[in-house]
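J.: My file is entry-v8.txt. It has compact mmCIF, C-alpha atoms:
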# COMPACT_ATOMS: atom_id res chain seq x y z
CA MET A 503 0.00 0.00 0.00
CA SER A 504 1.43 3.33 -0.98
CA ASN A 505 2.23 5.87 1.67
CA GLN A 506 1.39 8.73 -0.69
CA SER A 507 -2.22 9.76 -0.55
CA GLU A 508 -4.02 11.70 -3.25
CA VAL A 509 -5.51 15.00 -2.23
CA LEU A 510 -8.93 15.22 -3.81
CA ALA A 511 -10.59 18.55 -4.32
CA PRO A 512 -13.99 18.99 -2.79
CA PRO A 513 -16.93 18.81 -5.13
CA GLY A 514 -17.73 22.14 -6.78
CA MET A 515 -14.25 23.53 -6.28
CA ASN A 516 -12.51 24.85 -9.43
CA THR A 517 -9.14 23.19 -9.88
CA THR A 518 -7.98 25.63 -12.57
CA THR A 519 -5.54 28.25 -11.42
CA PRO A 520 -6.59 31.92 -11.57
CA PHE A 521 -3.85 32.67 -14.13
CA LEU A 522 -5.16 29.98 -16.46
CA ASN A 523 -8.69 31.30 -16.04
CA THR A 524 -7.53 34.75 -17.09
CA ILE A 525 -5.91 33.37 -20.25
CA LEU A 526 -8.99 31.38 -21.20
CA ASN A 527 -11.32 34.30 -20.63
CA THR A 528 -9.10 36.61 -22.68
CA SER A 529 -8.82 34.18 -25.59
CA THR A 530 -12.54 33.55 -25.74
CA SER A 531 -13.41 37.23 -25.51
CA THR A 532 -11.29 38.10 -28.57
CA VAL A 533 -13.08 35.66 -30.85
CA LEU A 534 -15.37 37.71 -33.09
CA PRO A 535 -18.70 36.48 -34.36
CA TYR A 536 -18.91 35.12 -37.88
CA ASP A 537 -20.95 38.08 -39.18
CA ASP A 538 -18.49 40.61 -37.78
CA LEU A 539 -15.60 38.91 -39.57
CA HIS A 540 -17.50 39.11 -42.86
CA THR A 541 -18.28 42.77 -42.25
CA ILE A 542 -14.63 43.59 -41.56
CA ALA A 543 -13.52 41.69 -44.68
CA ALA A 544 -16.07 43.54 -46.82
CA GLN A 545 -14.99 46.91 -45.43
CA ASP A 546 -11.37 45.99 -46.14
CA ILE A 547 -12.24 45.31 -49.79
CA THR A 548 -14.07 48.63 -50.01
CA SER A 549 -11.18 50.53 -48.44
CA ARG A 550 -8.62 49.03 -50.81
CA ALA A 551 -10.80 49.89 -53.80
CA ASN A 552 -11.19 53.40 -52.40
CA TYR A 553 -7.42 53.88 -52.21
CA ILE A 554 -6.94 52.71 -55.79
CA TYR A 555 -9.74 54.87 -57.11
CA SER A 556 -8.52 57.93 -55.19
CA PHE A 557 -5.14 57.60 -56.90
CA LEU A 558 -6.76 57.23 -60.34
CA ALA A 559 -9.13 60.12 -59.67
CA ALA A 560 -6.22 62.37 -58.68
CA LEU A 561 -4.40 61.48 -61.91
CA GLY A 562 -7.56 62.09 -63.92
CA PHE A 563 -8.18 65.44 -62.25
CA VAL A 564 -4.63 66.61 -63.00
CA ALA A 565 -4.96 65.37 -66.59
CA GLY A 566 -8.30 67.16 -66.99
CA CYS A 567 -6.89 70.45 -65.73
CA PHE A 568 -3.93 70.18 -68.09
CA LEU A 569 -6.26 69.35 -70.99
CA PHE A 570 -8.19 72.54 -70.38
CA TYR A 571 -4.92 74.46 -70.27
CA SER A 572 -3.91 72.89 -73.58
CA PHE A 573 -7.26 73.67 -75.22
CA ILE A 574 -7.09 77.28 -74.04
CA GLN A 575 -3.56 77.63 -75.41
CA THR A 576 -4.70 76.19 -78.75
CA TYR A 577 -7.66 78.54 -78.90
CA ARG A 578 -5.50 81.57 -78.11
CA ALA A 579 -3.04 80.57 -80.83
CA LEU A 580 -5.57 79.76 -83.57
CA LYS A 581 -8.50 81.95 -82.42
CA ARG A 582 -10.80 79.03 -83.23
CA LEU A 583 -11.20 75.31 -82.59
CA ALA A 584 -12.12 72.59 -85.05
CA TRP A 585 -15.51 70.98 -84.57
CA LEU A 586 -14.05 67.69 -83.34
CA ASN A 587 -11.83 69.53 -80.90
CA ARG A 588 -14.88 71.33 -79.54
CA LEU A 589 -16.65 68.03 -79.00
CA LEU A 590 -13.54 66.60 -77.38
CA TRP A 591 -13.33 69.64 -75.12
CA ALA A 592 -16.97 69.22 -74.08
CA PHE A 593 -16.43 65.52 -73.41
CA CYS A 594 -13.38 66.19 -71.21
CA GLY A 595 -15.29 68.85 -69.28
CA LEU A 596 -18.14 66.44 -68.57
CA GLN A 597 -15.73 63.72 -67.44
CA LEU A 598 -14.01 66.17 -65.11
CA LEU A 599 -17.40 67.09 -63.65
CA LEU A 600 -18.15 63.40 -63.09
CA LEU A 601 -14.90 63.05 -61.17
CA LEU A 602 -15.95 65.89 -58.89
CA LEU A 603 -19.39 64.36 -58.39
CA SER A 604 -17.80 61.03 -57.44
CA LEU A 605 -16.37 62.58 -54.28
CA HIS A 606 -19.56 61.64 -52.43
CA VAL A 607 -18.47 58.00 -52.70
CA VAL A 608 -14.83 58.56 -51.75
CA VAL A 609 -15.23 60.83 -48.74
CA TYR A 610 -17.72 58.77 -46.74
CA ILE A 611 -16.22 55.28 -47.23
CA PRO A 612 -16.99 52.72 -45.73
CA HIS A 613 -20.40 54.39 -45.36
CA TYR A 614 -22.38 56.58 -47.73
CA LEU A 615 -23.38 60.21 -47.79
CA ARG A 616 -26.20 60.84 -45.34
CA THR A 617 -28.79 63.21 -46.76
CA THR A 618 -32.51 63.58 -47.34
CA GLY A 619 -34.42 61.64 -49.95
CA LEU A 620 -34.79 64.75 -52.09
CA GLY A 621 -31.06 65.52 -51.95
CA CYS A 622 -30.13 61.95 -52.83
CA ALA A 623 -32.54 61.92 -55.77
CA ALA A 624 -31.10 65.23 -57.00
CA LEU A 625 -27.55 63.86 -56.77
CA SER A 626 -28.47 60.72 -58.69
CA PHE A 627 -30.30 62.78 -61.32
CA THR A 628 -27.28 65.07 -61.80
CA ILE A 629 -24.82 62.19 -62.16
CA ASN A 630 -27.05 60.38 -64.67
CA THR A 631 -27.54 63.58 -66.68
CA VAL A 632 -23.82 64.35 -66.89
CA SER A 633 -22.99 60.73 -67.75
CA LEU A 634 -25.60 60.66 -70.51
CA CYS A 635 -24.39 63.98 -71.91
CA SER A 636 -20.86 62.61 -72.21
CA LEU A 637 -22.10 59.46 -73.97
CA PHE A 638 -24.18 61.46 -76.44
CA VAL A 639 -21.18 63.70 -77.14
CA LEU A 640 -19.37 60.52 -78.15
CA VAL A 641 -22.31 59.76 -80.44
CA LEU A 642 -21.85 63.16 -82.10
CA MET A 643 -18.13 62.47 -82.49
CA ALA A 644 -18.96 59.15 -84.15
CA TYR A 645 -21.35 60.97 -86.49
CA VAL A 646 -18.74 63.53 -87.53
CA LEU A 647 -15.90 61.01 -87.87
CA THR A 648 -17.79 58.40 -89.86
CA LEU A 649 -20.21 60.37 -92.06
CA ASP A 650 -18.19 63.61 -92.36
CA PRO A 651 -21.17 65.98 -92.74
CA PRO A 652 -20.67 69.34 -94.48
CA SER A 653 -20.01 72.44 -92.43
CA HIS A 654 -23.52 73.81 -93.06
CA ALA A 655 -25.22 70.66 -91.71
CA LEU A 656 -27.62 71.09 -88.82
CA LEU A 657 -25.64 68.85 -86.46
CA ARG A 658 -22.49 70.89 -87.07
CA LYS A 659 -23.98 73.91 -85.31
CA PRO A 660 -22.96 74.15 -81.65
CA TRP A 661 -26.27 75.42 -80.29
CA VAL A 662 -28.22 72.66 -82.04
CA CYS A 663 -25.91 69.94 -80.73
CA GLY A 664 -25.88 71.40 -77.23
CA ALA A 665 -29.66 71.63 -77.09
CA LEU A 666 -30.13 68.13 -78.50
CA VAL A 667 -27.65 66.48 -76.13
CA SER A 668 -28.89 68.36 -73.06
CA LEU A 669 -32.58 67.78 -73.77
CA THR A 670 -32.16 64.06 -74.52
CA SER A 671 -30.03 63.48 -71.44
CA PHE A 672 -32.42 65.47 -69.26
CA LEU A 673 -35.46 63.49 -70.38
CA ILE A 674 -33.79 60.09 -69.91
CA ALA A 675 -32.44 61.08 -66.48
CA LEU A 676 -35.91 62.35 -65.54
CA MET A 677 -37.44 58.99 -66.48
CA LEU A 678 -34.84 57.18 -64.39
CA ALA A 679 -35.46 59.54 -61.47
CA GLY A 680 -39.18 58.77 -61.67
CA LEU A 681 -38.49 55.04 -61.55
CA ARG A 682 -35.97 55.43 -58.74
CA GLY A 683 -37.87 57.89 -56.59
CA PRO A 684 -37.22 58.68 -52.92
CA ARG A 685 -38.51 55.42 -51.45
CA GLU A 686 -38.47 56.57 -47.83
CA GLY A 687 -39.90 60.07 -48.15
CA MET A 688 -38.61 63.41 -49.35
CA GLN A 689 -37.32 64.76 -46.03
CA VAL A 690 -36.23 61.52 -44.35
CA GLU A 691 -32.45 61.26 -43.90
CA TYR A 692 -30.71 58.02 -44.82
CA MET A 693 -27.58 56.69 -46.50
CA CYS A 694 -27.58 57.96 -50.07
CA VAL A 695 -26.73 55.46 -52.82
CA MET A 696 -26.55 56.70 -56.39
CA ASP A 697 -28.42 53.72 -57.85
CA PRO A 698 -29.94 51.75 -54.95
CA VAL A 699 -30.78 48.09 -55.47
CA SER A 700 -33.89 48.69 -53.37
CA ALA A 701 -35.34 50.57 -56.36
CA GLY A 702 -36.03 47.18 -57.90
CA VAL A 703 -35.11 45.24 -60.99
CA SER A 704 -37.24 47.53 -63.15
CA TYR A 705 -35.04 50.53 -62.37
CA ALA A 706 -31.81 48.60 -62.94
CA ALA A 707 -33.09 47.21 -66.25
CA ALA A 708 -34.33 50.64 -67.35
CA ARG A 709 -30.95 52.15 -66.57
CA LEU A 710 -29.24 49.38 -68.53
CA CYS A 711 -31.41 50.07 -71.57
CA LEU A 712 -31.69 53.86 -71.48
CA ALA A 713 -28.32 54.95 -70.10
CA PHE A 714 -26.17 52.25 -71.69
CA LEU A 715 -27.70 50.42 -74.64
CA ILE A 716 -29.22 53.39 -76.47
CA PRO A 717 -26.02 55.52 -76.69
CA TYR A 718 -23.84 52.58 -77.64
CA LEU A 719 -26.29 51.19 -80.17
CA LEU A 720 -26.27 54.61 -81.84
CA GLN A 721 -22.48 54.60 -81.86
CA LEU A 722 -22.39 51.07 -83.24
CA GLY A 723 -24.81 51.98 -86.02
CA LEU A 724 -22.78 55.04 -86.99
CA LEU A 725 -19.52 53.08 -86.94
CA MET A 726 -21.01 50.38 -89.17
CA ALA A 727 -22.32 53.02 -91.57
CA GLY A 728 -18.88 54.62 -91.60
CA CYS A 729 -17.23 51.27 -92.33
CA VAL A 730 -19.55 50.68 -95.29
CA ARG A 731 -18.96 54.20 -96.56
CA GLN A 732 -15.21 53.88 -96.29
CA TRP A 733 -15.26 50.43 -97.90
CA LYS A 734 -17.17 51.71 -100.91
CA SER A 735 -14.77 54.60 -101.33
CA ARG A 736 -11.81 52.20 -100.84
CA ARG A 737 -10.20 54.27 -98.14
CA ARG A 738 -8.95 53.33 -94.71
CA PHE A 739 -11.38 53.75 -91.85
CA LEU A 740 -10.79 57.03 -89.97
CA SER A 741 -7.43 57.36 -91.71
CA GLY A 742 -7.50 61.12 -92.15
CA SER A 743 -8.40 62.09 -88.59
CA GLU A 744 -6.21 62.55 -85.55
CA GLU A 745 -9.22 62.18 -83.25
CA GLY A 746 -10.22 58.78 -84.67
CA PRO A 747 -7.91 56.58 -82.55
CA VAL A 748 -8.66 58.70 -79.47
CA PHE A 749 -12.39 58.29 -80.01
CA LEU A 750 -12.19 54.52 -80.49
CA THR A 751 -10.02 53.99 -77.41
CA VAL A 752 -12.19 56.16 -75.18
CA THR A 753 -15.35 54.49 -76.46
CA VAL A 754 -14.02 51.00 -75.69
CA VAL A 755 -12.92 51.98 -72.17
CA MET A 756 -16.22 53.68 -71.39
CA PHE A 757 -18.14 50.73 -72.84
CA PHE A 758 -16.56 48.17 -70.52
CA CYS A 759 -16.88 50.40 -67.43
CA GLN A 760 -20.55 51.12 -68.13
CA LEU A 761 -21.26 47.48 -68.97
CA PHE A 762 -19.65 46.20 -65.77
CA TYR A 763 -21.58 48.63 -63.58
CA SER A 764 -24.92 48.02 -65.30
CA VAL A 765 -24.63 44.22 -65.08
CA VAL A 766 -23.59 44.35 -61.41
CA LEU A 767 -26.51 46.67 -60.65
CA VAL A 768 -29.05 44.36 -62.30
CA ARG A 769 -27.60 41.34 -60.51
CA GLY A 770 -27.65 43.15 -57.17
CA ALA A 771 -31.28 44.19 -57.67
CA GLN A 772 -32.25 40.58 -58.40
CA LEU A 773 -30.46 39.30 -55.29
CA ALA A 774 -31.97 42.02 -53.11
CA GLN A 775 -35.43 41.09 -54.32
CA LYS A 776 -34.95 37.38 -53.64
CA GLU A 777 -32.84 36.93 -50.51
CA GLY A 778 -31.14 40.21 -49.64
CA LEU A 779 -27.54 41.30 -50.05
CA SER A 780 -24.64 40.08 -47.97
CA CYS A 781 -21.75 42.29 -46.86
CA HIS A 782 -19.52 41.08 -49.69
CA GLU A 783 -22.20 41.75 -52.30
CA GLN A 784 -22.71 45.28 -50.98
CA ALA A 785 -18.95 45.82 -51.14
CA PHE A 786 -18.97 44.53 -54.72
CA LEU A 787 -21.61 47.13 -55.62
CA THR A 788 -19.37 49.85 -54.19
CA VAL A 789 -16.43 48.54 -56.21
CA ALA A 790 -18.66 48.65 -59.32
CA GLU A 791 -19.32 52.35 -58.64
CA PHE A 792 -15.58 52.93 -58.46
CA VAL A 793 -15.15 51.14 -61.79
CA LEU A 794 -17.84 53.34 -63.34
CA PHE A 795 -16.15 56.56 -62.25
CA SER A 796 -12.71 55.18 -63.13
CA GLY A 797 -13.81 55.29 -66.76
CA SER A 798 -13.85 59.09 -66.52
CA SER A 799 -10.32 59.22 -65.15
CA ALA A 800 -9.05 56.75 -67.74
CA SER A 801 -10.70 58.73 -70.55
CA LEU A 802 -8.98 61.96 -69.51
CA LEU A 803 -5.61 60.22 -69.35
CA ILE A 804 -6.17 58.62 -72.78
CA VAL A 805 -7.01 61.97 -74.37
CA LEU A 806 -3.94 63.56 -72.80
CA LEU A 807 -1.57 60.84 -74.01
CA MET A 808 -3.08 60.09 -77.44
CA HIS A 809 -4.31 63.43 -78.76
CA ARG A 810 -1.36 64.97 -80.59
CA PRO A 811 -1.81 68.67 -79.65
CA CYS A 812 -2.33 67.77 -76.00
CA ARG A 813 0.62 65.41 -76.04
CA GLU A 814 2.85 68.09 -77.56
CA SER A 815 1.71 70.56 -74.91
CA LEU A 816 2.59 68.01 -72.24
CA HIS A 817 6.04 67.48 -73.73
CA GLY A 818 6.57 71.24 -73.86
CA ALA A 819 5.52 71.66 -70.24
CA LEU A 820 7.82 68.84 -69.13
CA ARG A 821 10.67 70.37 -71.11
CA GLN A 822 10.15 73.74 -69.45
CA LEU A 823 9.97 72.10 -66.05
CA ARG A 824 13.22 70.26 -66.73
CA ASP A 825 14.92 73.48 -67.79
CA CYS A 826 13.70 75.25 -64.66
CA CYS A 827 14.92 72.47 -62.39
CA ARG A 828 18.33 72.39 -64.02
CA SER A 829 21.08 74.35 -62.23
CA PRO A 830 21.69 77.83 -63.66
CA GLY A 831 25.36 77.18 -64.43
CA ALA A 832 24.78 73.88 -66.19
CA SER A 833 23.04 75.42 -69.17
CA GLN A 834 25.87 77.91 -69.69
CA THR A 835 28.77 75.45 -69.70
CA ASN A 836 29.21 75.55 -73.44
CA ARG A 837 29.01 79.31 -73.60
CA ASN A 838 31.91 80.17 -71.28
CA ILE A 839 34.49 79.93 -74.04
CA ILE A 840 37.09 82.69 -74.12
CA ALA A 841 37.55 84.02 -77.61
CA PRO A 842 41.21 84.13 -78.70
CA HIS A 843 42.67 87.60 -78.59
CA ILE A 844 45.81 88.23 -80.62
CA GLU A 845 47.78 91.26 -79.67
CA ILE A 846 50.71 92.43 -81.81
CA THR A 847 53.26 94.65 -80.14
CA ASP A 848 56.11 96.38 -81.87
CA THR A 849 59.39 96.18 -80.09
CA LEU A 850 62.14 98.73 -80.28
CA GLN A 851 64.28 96.45 -82.46
CA ASP A 852 61.51 96.10 -85.03
CA ILE A 853 61.15 99.86 -85.23
CA GLU A 854 64.85 100.31 -85.83
Please, can you express the file's structure as structure tokens?
T.:
Amino acid sequence: MSNQSEVLAPPGMNTTTPFLNTILNTSTSTVLPYDDLHTIAAQDITSRANYIYSFLAALGFVAGCFLFYSFIQTYRALKRLAWLNRLLWAFCGLQLLLLLLSLHVVVYIPHYLRTTGLGCAALSFTINTVSLCSLFVLVLMAYVLTLDPPSHALLRKPWVCGALVSLTSFLIALMLAGLRGPREGMQVEYMCVMDPVSAGVSYAAARLCLAFLIPYLLQLGLLMAGCVRQWKSRRRFLSGSEEGPVFLTVTVVMFFCQLFYSVVLVRGAQLAQKEGLSCHEQAFLTVAEFVLFSGSSASLLIVLLMHRPCRESLHGALRQLRDCCRSPGASQTNRNIIAPHIEITDTLQDIE
């Protein structure tokens, strides 16, 4: 029989040391619920997308300001602008305005702008109007580039084009605003989303058709007509225009950005109607908004780098900046050459 006896703890007494209890309580208290982890992950995705878009928006804003400087310099030199350059100027101005309107998404991340229903509807109406105006300006550029109308044509007059683009965009945006509507009252404050999925599938589908398909179907029809016209005349398509490659590149970039946003919006509206949106799906909608506005920044950068007068202005500005940053003595190194001076003196022996 062993002399050592086991000391048994009384029933109900906790045998765990206080230090171990503290560790266990601390470890269990730091475990977050499953929903909170998903919310944090979704906010992390939104924040990363916000950083990327902020960088692109800053580049686009600088490019837009320089484009306006270049256009003003061209106008002061020539006292007039060609019709395509005027359309390009209007398009760049609208894209710069869209970048400024996109600040409501950037500033309040990971949340949204909090305003009344009337203010949110007005913001959405303004963004849709400006976006539609820029797309219809591209339609006018396609018309001029492909069909080459005479200078006395009706659509070559600035006031006619401005009125047509503004009126068409206003009416389409007004229809979308009627479908969207302030769902929770005019004076009730809530988180403002530009195109809420709560507006229903009908609004998302209407926006897809009116704000995306109609402008690009018009562009596609004009481009096909231009291809047929150029093929019959046996000339290269858009060969005699400097704005042709710029127009095609900008159109393709805007097409994919608008398509991505419209498809994501329709899908989000369908999911919200069936089972509701998760945190990741809401974050994906925010990323889609960033992609939509990134098209404006990319368009401004494309115009700056591909349009020859703007590119030459950029090269000239960079050259002047390089000359200013260079040290003052470095530019004069080749000029400090002492000219030879020959002096002939008559000595006394030569005189004799």
J.: Quick one: of A:Ala624, A:Leu590, A:Val607, A:Leu823, who's nearest to A:Val639, counting only C-alpha atoms?
T.: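 When distances to A:Val639 are compared using only C-alpha atoms, the smallest one comes from A:Leu590.
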J.: Would you give the centre and edge lengths, in Å to one decimal, of a box along x, y and z around the listed atoms of stretch 715-722 of chain A, with 6 Å added to each side, as AutoDock Vina command-line options?
T.:
--center_x -25.8 --center_y 53.0 --center_z -78.9 --size_x 18.8 --size_y 17.1 --size_z 20.6
J.: Which residues of stretch 791-810 of chain A come within 12 Å of stretch 568-574 of chain A, and for each one, what is the closest pair of atoms and their distance in Å to one decimal, counting all atoms listed in the file, sorted by chain and residue number, as JSON lines?
T.:
{"residue": "A:Ser801", "atom": "CA", "partner": "A:Leu569", "partner_atom": "CA", "distance": 11.5}
{"residue": "A:Leu802", "atom": "CA", "partner": "A:Leu569", "partner_atom": "CA", "distance": 8.0}
{"residue": "A:Leu803", "atom": "CA", "partner": "A:Leu569", "partner_atom": "CA", "distance": 9.3}
{"residue": "A:Ile804", "atom": "CA", "partner": "A:Leu569", "partner_atom": "CA", "distance": 10.9}
{"residue": "A:Val805", "atom": "CA", "partner": "A:Leu569", "partner_atom": "CA", "distance": 8.2}
{"residue": "A:Leu806", "atom": "CA", "partner": "A:Leu569", "partner_atom": "CA", "distance": 6.5}
{"residue": "A:Leu807", "atom": "CA", "partner": "A:Leu569", "partner_atom": "CA", "distance": 10.2}
{"residue": "A:Met808", "atom": "CA", "partner": "A:Leu569", "partner_atom": "CA", "distance": 11.7}
{"residue": "A:His809", "atom": "CA", "partner": "A:Leu569", "partner_atom": "CA", "distance": 10.0}
{"residue": "A:Arg810", "atom": "CA", "partner": "A:Ser572", "partner_atom": "CA", "distance": 10.9}
J.: Nearest residue to A:Met696 out of A:Thr753, A:Gln721, A:Thr628, A:Thr548, using only C-alpha atoms?
T.: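 Comparing A:Thr753, A:Gln721, A:Thr628, A:Thr548 against A:Met696, the winner is A:Thr628.
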J.: What separation in Å, quoted to one decimal, exists between atom CA of A:Arg588 and atom CA of A:Ser636?
T.: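 That distance, rounded to one decimal, is 12.9 Å.
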J.: Please, what distance in Å, to one decimal, runs between atom CA of A:Ser671 and atom CA of A:Cys635?
T.: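 Atom CA of A:Cys635 lies at a distance of 5.7 Å from atom CA of A:Ser671.
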J.: Name the closest residue to A:Val765 among the candidates A:Cys781, A:Ala708, A:Leu603, A:Leu596; distances are taken between atoms, counting all atoms listed in the file.
T.: A:Ala708
J.: One number please: atom CA of A:Leu669 to atom CA of A:Val641, in Å, one decimal.
T.: 14.6 Å
